[in-house]
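**Student:** Here you go, this is my_file-v5.csv (CSV, C-alpha atoms).
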chain,number,residue,atom,x,y,z
D,1,MET,CA,62.7,4.8,56.5
D,2,ALA,CA,62.7,1.8,54.1
D,3,SER,CA,59.7,0.4,56.0
D,4,LYS,CA,57.8,3.6,55.6
D,5,VAL,CA,58.4,3.7,51.8
D,6,SER,CA,57.4,0.0,51.5
D,7,LYS,CA,54.2,0.7,53.4
D,8,SER,CA,53.5,3.7,51.2
D,9,LYS,CA,54.0,1.6,48.1
D,10,GLN,CA,51.7,-1.1,49.5
D,11,THR,CA,49.0,1.5,50.3
D,12,ALA,CA,49.3,3.0,46.8
D,13,SER,CA,49.1,-0.5,45.2
D,14,ALA,CA,46.1,-1.4,47.2
D,15,GLU,CA,44.4,1.9,46.3
D,16,ASP,CA,45.2,1.2,42.7
D,17,ARG,CA,43.7,-2.2,42.8
D,18,ARG,CA,40.5,-0.8,44.5
D,19,THR,CA,40.3,1.8,41.8
D,20,LYS,CA,40.7,-0.7,39.0
D,21,ALA,CA,38.2,-3.1,40.7
D,22,ALA,CA,35.6,-0.2,41.0
D,23,ALA,CA,36.2,0.7,37.4
D,24,ALA,CA,35.7,-2.9,36.4
D,25,ARG,CA,32.5,-3.1,38.4
D,26,ALA,CA,31.2,0.1,36.9
D,27,ALA,CA,32.0,-1.1,33.4
D,28,ALA,CA,30.2,-4.4,34.0
D,29,ALA,CA,27.2,-2.6,35.4
D,30,ALA,CA,27.1,-0.3,32.4
D,31,ALA,CA,27.3,-3.4,30.1
D,32,GLU,CA,24.5,-5.1,32.0
D,33,ARG,CA,22.4,-1.9,31.7
D,34,ARG,CA,23.0,-1.8,27.9
D,35,ARG,CA,22.2,-5.5,27.6
D,36,ARG,CA,18.9,-5.0,29.5
D,37,ASN,CA,18.0,-1.9,27.4
D,38,LEU,CA,18.7,-3.9,24.3
D,39,ILE,CA,16.4,-6.7,25.5
D,40,VAL,CA,13.7,-4.3,26.5
D,41,GLY,CA,14.0,-2.3,23.2
D,42,GLY,CA,13.9,-5.5,21.2
D,43,ALA,CA,10.9,-6.7,23.1
D,44,VAL,CA,9.1,-3.4,22.4
D,45,VAL,CA,9.9,-3.7,18.7
D,46,LEU,CA,8.7,-7.3,18.7
D,47,VAL,CA,5.5,-6.3,20.4
D,48,LEU,CA,4.9,-3.4,18.0
D,49,ALA,CA,5.5,-5.7,15.1
D,50,LEU,CA,3.1,-8.3,16.5
D,51,ILE,CA,0.5,-5.6,17.0
D,52,ALA,CA,0.9,-4.5,13.3
D,53,VAL,CA,0.6,-8.1,12.1
D,54,LEU,CA,-2.4,-8.8,14.3
D,55,GLY,CA,-4.0,-5.6,13.1
D,56,PHE,CA,-3.5,-6.6,9.5
D,57,LEU,CA,-4.8,-10.1,10.1
D,58,VAL,CA,-7.9,-8.7,11.9
D,59,GLN,CA,-8.5,-6.3,9.0
D,60,ASN,CA,-8.0,-9.0,6.5
D,61,SER,CA,-10.4,-11.3,8.4
D,62,ARG,CA,-13.0,-8.6,8.4
D,63,GLU,CA,-12.7,-8.1,4.7
D,64,GLU,CA,-13.0,-11.9,4.1
D,65,SER,CA,-16.1,-12.1,6.3
D,66,LYS,CA,-17.9,-9.3,4.4
D,67,PRO,CA,-20.2,-10.2,1.5
D,68,VAL,CA,-18.9,-9.6,-2.0
D,69,VAL,CA,-21.0,-6.7,-3.4
D,70,LEU,CA,-20.3,-6.1,-7.0
D,71,PRO,CA,-20.4,-2.5,-8.4
D,72,ALA,CA,-22.6,-2.3,-11.5
D,73,PRO,CA,-19.7,-2.1,-14.1
D,74,ALA,CA,-17.8,-5.0,-12.6
D,75,THR,CA,-18.4,-7.1,-15.7
D,76,GLY,CA,-14.8,-7.7,-16.8
D,77,THR,CA,-12.5,-10.7,-16.2
D,78,ASP,CA,-12.7,-11.7,-12.5
D,79,HIS,CA,-15.3,-8.9,-12.1
D,80,GLY,CA,-12.9,-6.2,-13.0
D,81,ILE,CA,-14.4,-2.7,-13.5
D,82,ILE,CA,-14.9,-1.9,-17.2
D,83,VAL,CA,-14.3,1.6,-18.4
D,84,GLY,CA,-14.8,2.6,-22.0
D,85,LYS,CA,-17.0,1.7,-24.9
D,86,ALA,CA,-18.3,-1.9,-25.1
D,87,SER,CA,-17.5,-1.9,-28.8
D,88,ALA,CA,-13.8,-1.1,-28.3
D,89,PRO,CA,-11.7,-3.6,-30.2
D,90,VAL,CA,-8.9,-3.9,-27.6
D,91,THR,CA,-9.3,-4.7,-23.9
D,92,VAL,CA,-6.6,-3.7,-21.5
D,93,ASP,CA,-6.4,-5.3,-18.1
D,94,MET,CA,-4.8,-3.0,-15.6
D,95,TYR,CA,-3.9,-4.0,-12.1
D,96,GLU,CA,-3.2,-1.1,-9.8
D,97,ASP,CA,-3.1,0.1,-6.2
D,98,PHE,CA,-4.1,3.7,-5.4
D,99,GLN,CA,-1.2,3.9,-2.9
D,100,CYS,CA,1.4,2.5,-5.4
D,101,PRO,CA,3.9,5.3,-6.4
D,102,ALA,CA,4.7,3.5,-9.7
D,103,CYS,CA,1.0,3.4,-10.5
D,104,GLU,CA,0.8,7.2,-9.8
D,105,ALA,CA,3.8,7.6,-12.2
D,106,LEU,CA,2.0,5.6,-14.9
D,107,GLU,CA,-1.1,7.8,-14.4
D,108,THR,CA,0.9,11.0,-14.6
D,109,GLN,CA,3.0,9.9,-17.6
D,110,THR,CA,0.7,7.8,-19.7
D,111,GLY,CA,-2.7,8.6,-18.3
D,112,PRO,CA,-3.5,11.3,-20.9
D,113,THR,CA,-2.6,8.9,-23.7
D,114,ILE,CA,-4.8,6.2,-22.1
D,115,GLY,CA,-7.6,8.7,-21.8
D,116,THR,CA,-7.4,9.7,-25.4
D,117,LEU,CA,-7.5,6.1,-26.6
D,118,LEU,CA,-10.6,5.5,-24.3
D,119,ASP,CA,-12.3,8.5,-25.8
D,120,GLN,CA,-11.5,7.5,-29.3
D,121,GLY,CA,-13.1,4.1,-28.6
D,122,LYS,CA,-9.9,2.2,-29.4
D,123,ILE,CA,-9.7,0.5,-26.0
D,124,LYS,CA,-11.7,-0.4,-23.0
D,125,ILE,CA,-10.0,-1.0,-19.7
D,126,ASP,CA,-10.7,-3.8,-17.3
D,127,TYR,CA,-9.5,-2.3,-13.9
D,128,HIS,CA,-8.5,-4.5,-11.1
D,129,MET,CA,-7.9,-2.2,-8.1
D,130,MET,CA,-5.7,-4.1,-5.6
D,131,SER,CA,-5.0,-3.3,-2.0
D,132,PHE,CA,-1.7,-5.0,-1.0
D,133,LEU,CA,-0.3,-1.9,0.6
D,134,GLY,CA,-2.7,-2.0,3.6
D,135,PRO,CA,-5.9,-0.5,5.0
D,136,GLU,CA,-5.4,2.8,3.2
D,137,SER,CA,-5.4,0.9,-0.1
D,138,VAL,CA,-8.5,-1.1,0.9
D,139,ARG,CA,-10.4,2.1,1.7
D,140,ALA,CA,-9.4,3.7,-1.6
D,141,ALA,CA,-10.3,0.6,-3.6
D,142,ASN,CA,-13.6,0.4,-1.8
D,143,ALA,CA,-14.3,4.1,-2.6
D,144,ALA,CA,-13.4,3.5,-6.2
D,145,ALA,CA,-15.9,0.6,-6.4
D,146,ALA,CA,-18.5,2.9,-4.9
D,147,ALA,CA,-17.7,5.5,-7.5
D,148,ALA,CA,-17.9,2.9,-10.3
D,149,ASN,CA,-21.4,2.0,-9.0
D,150,GLU,CA,-22.4,5.6,-9.7
D,151,GLY,CA,-20.7,5.7,-13.1
D,152,ARG,CA,-17.8,8.0,-11.9
D,153,PHE,CA,-14.9,5.5,-11.5
D,154,ARG,CA,-12.7,7.3,-14.1
D,155,GLU,CA,-13.2,10.6,-12.4
D,156,LEU,CA,-12.3,9.4,-8.9
D,157,HIS,CA,-9.4,7.3,-10.4
D,158,GLU,CA,-7.9,10.6,-11.6
D,159,VAL,CA,-8.5,12.5,-8.4
D,160,LEU,CA,-7.1,9.8,-6.1
D,161,TYR,CA,-3.8,9.6,-8.1
D,162,ALA,CA,-3.6,13.4,-8.2
D,163,ASN,CA,-3.8,13.5,-4.4
D,164,GLN,CA,-1.9,10.3,-3.6
D,165,PRO,CA,-0.4,10.4,0.0
D,166,GLU,CA,2.9,8.8,1.0
D,167,GLU,CA,2.2,5.0,1.2
D,168,LYS,CA,1.4,3.6,4.6
D,169,THR,CA,1.2,7.0,6.3
D,170,GLY,CA,-2.5,6.8,7.3
D,171,GLY,CA,-3.7,8.6,4.2
D,172,PHE,CA,-6.9,8.0,2.3
D,173,THR,CA,-9.1,8.1,5.5
D,174,ASN,CA,-12.8,7.8,5.0
D,175,ALA,CA,-13.2,11.6,5.5
D,176,THR,CA,-10.5,12.3,2.9
D,177,LEU,CA,-12.1,9.9,0.4
D,178,ILE,CA,-15.4,11.6,0.9
D,179,GLU,CA,-13.8,15.0,0.4
D,180,LEU,CA,-11.9,13.8,-2.7
D,181,GLY,CA,-15.0,12.1,-4.0
D,182,ALA,CA,-16.8,15.5,-4.0
D,183,LYS,CA,-14.0,16.8,-6.4
D,184,ALA,CA,-14.9,13.9,-8.7
D,185,GLY,CA,-18.6,14.8,-8.6
D,186,LEU,CA,-19.5,12.2,-5.9
D,187,THR,CA,-21.7,13.9,-3.4
D,188,SER,CA,-24.5,11.3,-2.9
D,189,GLN,CA,-25.3,9.8,0.4
D,190,ALA,CA,-25.0,6.4,-1.2
D,191,TYR,CA,-21.3,7.1,-2.0
D,192,LYS,CA,-20.6,8.5,1.6
D,193,ASP,CA,-22.3,5.5,3.2
D,194,ALA,CA,-20.4,3.0,1.0
D,195,VAL,CA,-17.1,4.7,2.0
D,196,ASN,CA,-17.9,4.8,5.7
D,197,ASN,CA,-19.4,1.3,5.9
D,198,GLY,CA,-16.8,-0.5,3.6
D,199,THR,CA,-19.6,-1.7,1.5
D,200,TYR,CA,-17.3,-3.1,-1.1
D,201,ASP,CA,-14.6,-4.5,1.2
D,202,GLY,CA,-15.5,-8.1,0.3
D,203,TYR,CA,-15.2,-7.3,-3.4
D,204,VAL,CA,-11.8,-5.6,-2.8
D,205,HIS,CA,-10.6,-8.7,-1.0
D,206,LYS,CA,-11.8,-10.9,-3.9
D,207,VAL,CA,-10.0,-8.7,-6.5
D,208,ASP,CA,-6.7,-9.4,-4.6
D,209,GLN,CA,-7.4,-13.1,-4.5
D,210,ASP,CA,-8.2,-13.3,-8.2
D,211,ALA,CA,-5.1,-11.2,-9.0
D,212,SER,CA,-3.0,-13.6,-7.1
D,213,LYS,CA,-4.5,-16.6,-9.0
D,214,ALA,CA,-3.7,-14.7,-12.2
D,215,ASP,CA,-0.1,-14.6,-11.1
D,216,VAL,CA,-0.1,-10.8,-10.7
D,217,THR,CA,2.6,-10.1,-8.1
D,218,GLY,CA,3.0,-6.3,-8.4
D,219,THR,CA,1.5,-3.1,-9.6
D,220,PRO,CA,1.1,-1.7,-12.1
D,221,THR,CA,0.6,-4.7,-14.2
D,222,VAL,CA,-0.8,-4.1,-17.7
D,223,ILE,CA,-2.0,-6.9,-19.9
D,224,ILE,CA,-3.2,-6.5,-23.5
D,225,ASN,CA,-4.5,-9.7,-25.3
D,226,GLY,CA,-2.7,-11.9,-22.8
D,227,LYS,CA,0.7,-10.1,-23.1
D,228,ARG,CA,2.1,-8.3,-20.2
D,229,LEU,CA,3.7,-5.0,-21.1
D,230,THR,CA,7.2,-4.3,-20.1
D,231,SER,CA,8.3,-1.1,-18.3
D,232,ALA,CA,9.4,0.4,-21.7
D,233,GLU,CA,5.9,-0.3,-23.1
D,234,LEU,CA,4.2,1.7,-20.3
D,235,THR,CA,5.3,5.0,-21.9
D,236,PRO,CA,2.8,6.9,-24.1
D,237,ASP,CA,4.5,5.7,-27.3
D,238,GLY,CA,5.0,2.2,-26.0
D,239,PHE,CA,1.4,1.8,-24.8
D,240,THR,CA,0.0,3.2,-28.1
D,241,ALA,CA,2.2,0.8,-30.1
D,242,ALA,CA,1.0,-2.2,-28.0
D,243,VAL,CA,-2.6,-1.2,-28.5
D,244,ASN,CA,-2.1,-0.8,-32.3
D,245,ALA,CA,-0.4,-4.2,-32.5
D,246,ALA,CA,-3.4,-5.8,-30.7
D,247,ALA,CA,-6.1,-4.1,-32.8
Could you render the structure from this file as structure tokens?
**Tutor:**
Amino acid sequence: MASKVSKSKQTASAEDRRTKAAAARAAAAAAERRRRNLIVGGAVVLVLALIAVLGFLVQNSREESKPVVLPAPATGTDHGIIVGKASAPVTVDMYEDFQCPACEALETQTGPTIGTLLDQGKIKIDYHMMSFLGPESVRAANAAAAAANEGRFRELHEVLYANQPEEKTGGFTNATLIELGAKAGLTSQAYKDAVNNGTYDGYVHKVDQDASKADVTGTPTVIINGKRLTSAELTPDGFTAAVNAAA
């Protein structure tokens, strides 16, 4: 009888060991699968990141290789686009990116005040349209240069901010820019061709380079008589006071 009980215990013990061993093997296999999935997932992320970087570098290289074609009113500092009366006593340098949410906020909040000061002949603006947020910004800045060449920069500037897409979501396609251009009175074939062909891409790249040399590291950056305005001075009252102080 004792022998049978002992054998039963031994059988149960062996079965228990086999069960534990099987569980351990399954756990190890699961861990290995997770490790491999992590490696594969990480590799995929790395490849996608490399593709994005290469795409940016290729795009940037294309811009660098294009000739610098200046729009007619690019007569400001570093060939900024001048808007306003030539006789205006105060020049305002504005560095913007059409995809920049803070630039859109500035346009919404202070744009009407800026427009009034322009119409009153108190200021002229030297616009430097940057493109640090990617290809969409490049396309928008190129379209703005094309609009400037036809004397409608201000109109397109307003329309683009009023229809600003979420940044880096593929917005501001050429087709969209042609459609928005029509809302700003830009229906000529010259404008459409400039948008589709990236006529001013070389100029857009030069604006970025010159802005970097001027130590402009973000948008919007607003400079009046060499003084960079603070965030508090970008309000309607703050902007007006800065202009009056510089007059």
**Student:** Which distance in Å separates atom CA of D:Tyr191 and atom CA of D:Glu150, to one decimal?
**Tutor:**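 So the two atoms, atom CA of D:Tyr191 and atom CA of D:Glu150, lie 7.9 Å apart.
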**Student:** Which residue, D:Thr187, D:Phe153, D:Ala247, D:Lys20, has the smallest gap to D:Ala88 when you use all atoms listed in the file?
**Tutor:**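 Smallest distance to D:Ala88 is found for D:Ala247.
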**Student:** Go ahead and compute the interatomic distance for atom CA of D:Lys122 and atom CA of D:Leu186, in Å to one decimal.
**Tutor:**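 Computing it gives 27.3 Å between the two atoms.
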**Student:** Considering all atoms listed in the file, return as a ChimeraX atom specification whatever protein or nucleic-acid residues lie within 10 Å of D:His79, sequence-local ones (same chain, fewer than 2 positions apart) excluded.
**Tutor:** /D:70-77,81-82,126-128,203,206-207,210
**Student:** For a cutoff of 8 Å around the file-coordinate point (-8.0, -0.7, 0.6), which residues qualify once you count all atoms listed in the file? I'd like the result as number ranges by chain.
**Tutor:** D: 130-142, 201, 204
**Student:** Determine the nearest neighbour of D:Ser212 from the options D:Glu15, D:Gly226, D:Tyr95, D:Arg33, counting all atoms listed in the file.
**Tutor:**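 Answer, going by the shortest atom-to-atom distance: D:Tyr95.
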**Student:** Please determine, counting only C-alpha atoms, which residue among D:Glu107, D:Asp208, D:Asp119, D:Asp193 has the shortest atom-to-atom distance to D:Leu160.
**Tutor:**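 Between D:Glu107, D:Asp208, D:Asp119, D:Asp193, the residue approaching D:Leu160 most closely is D:Glu107.
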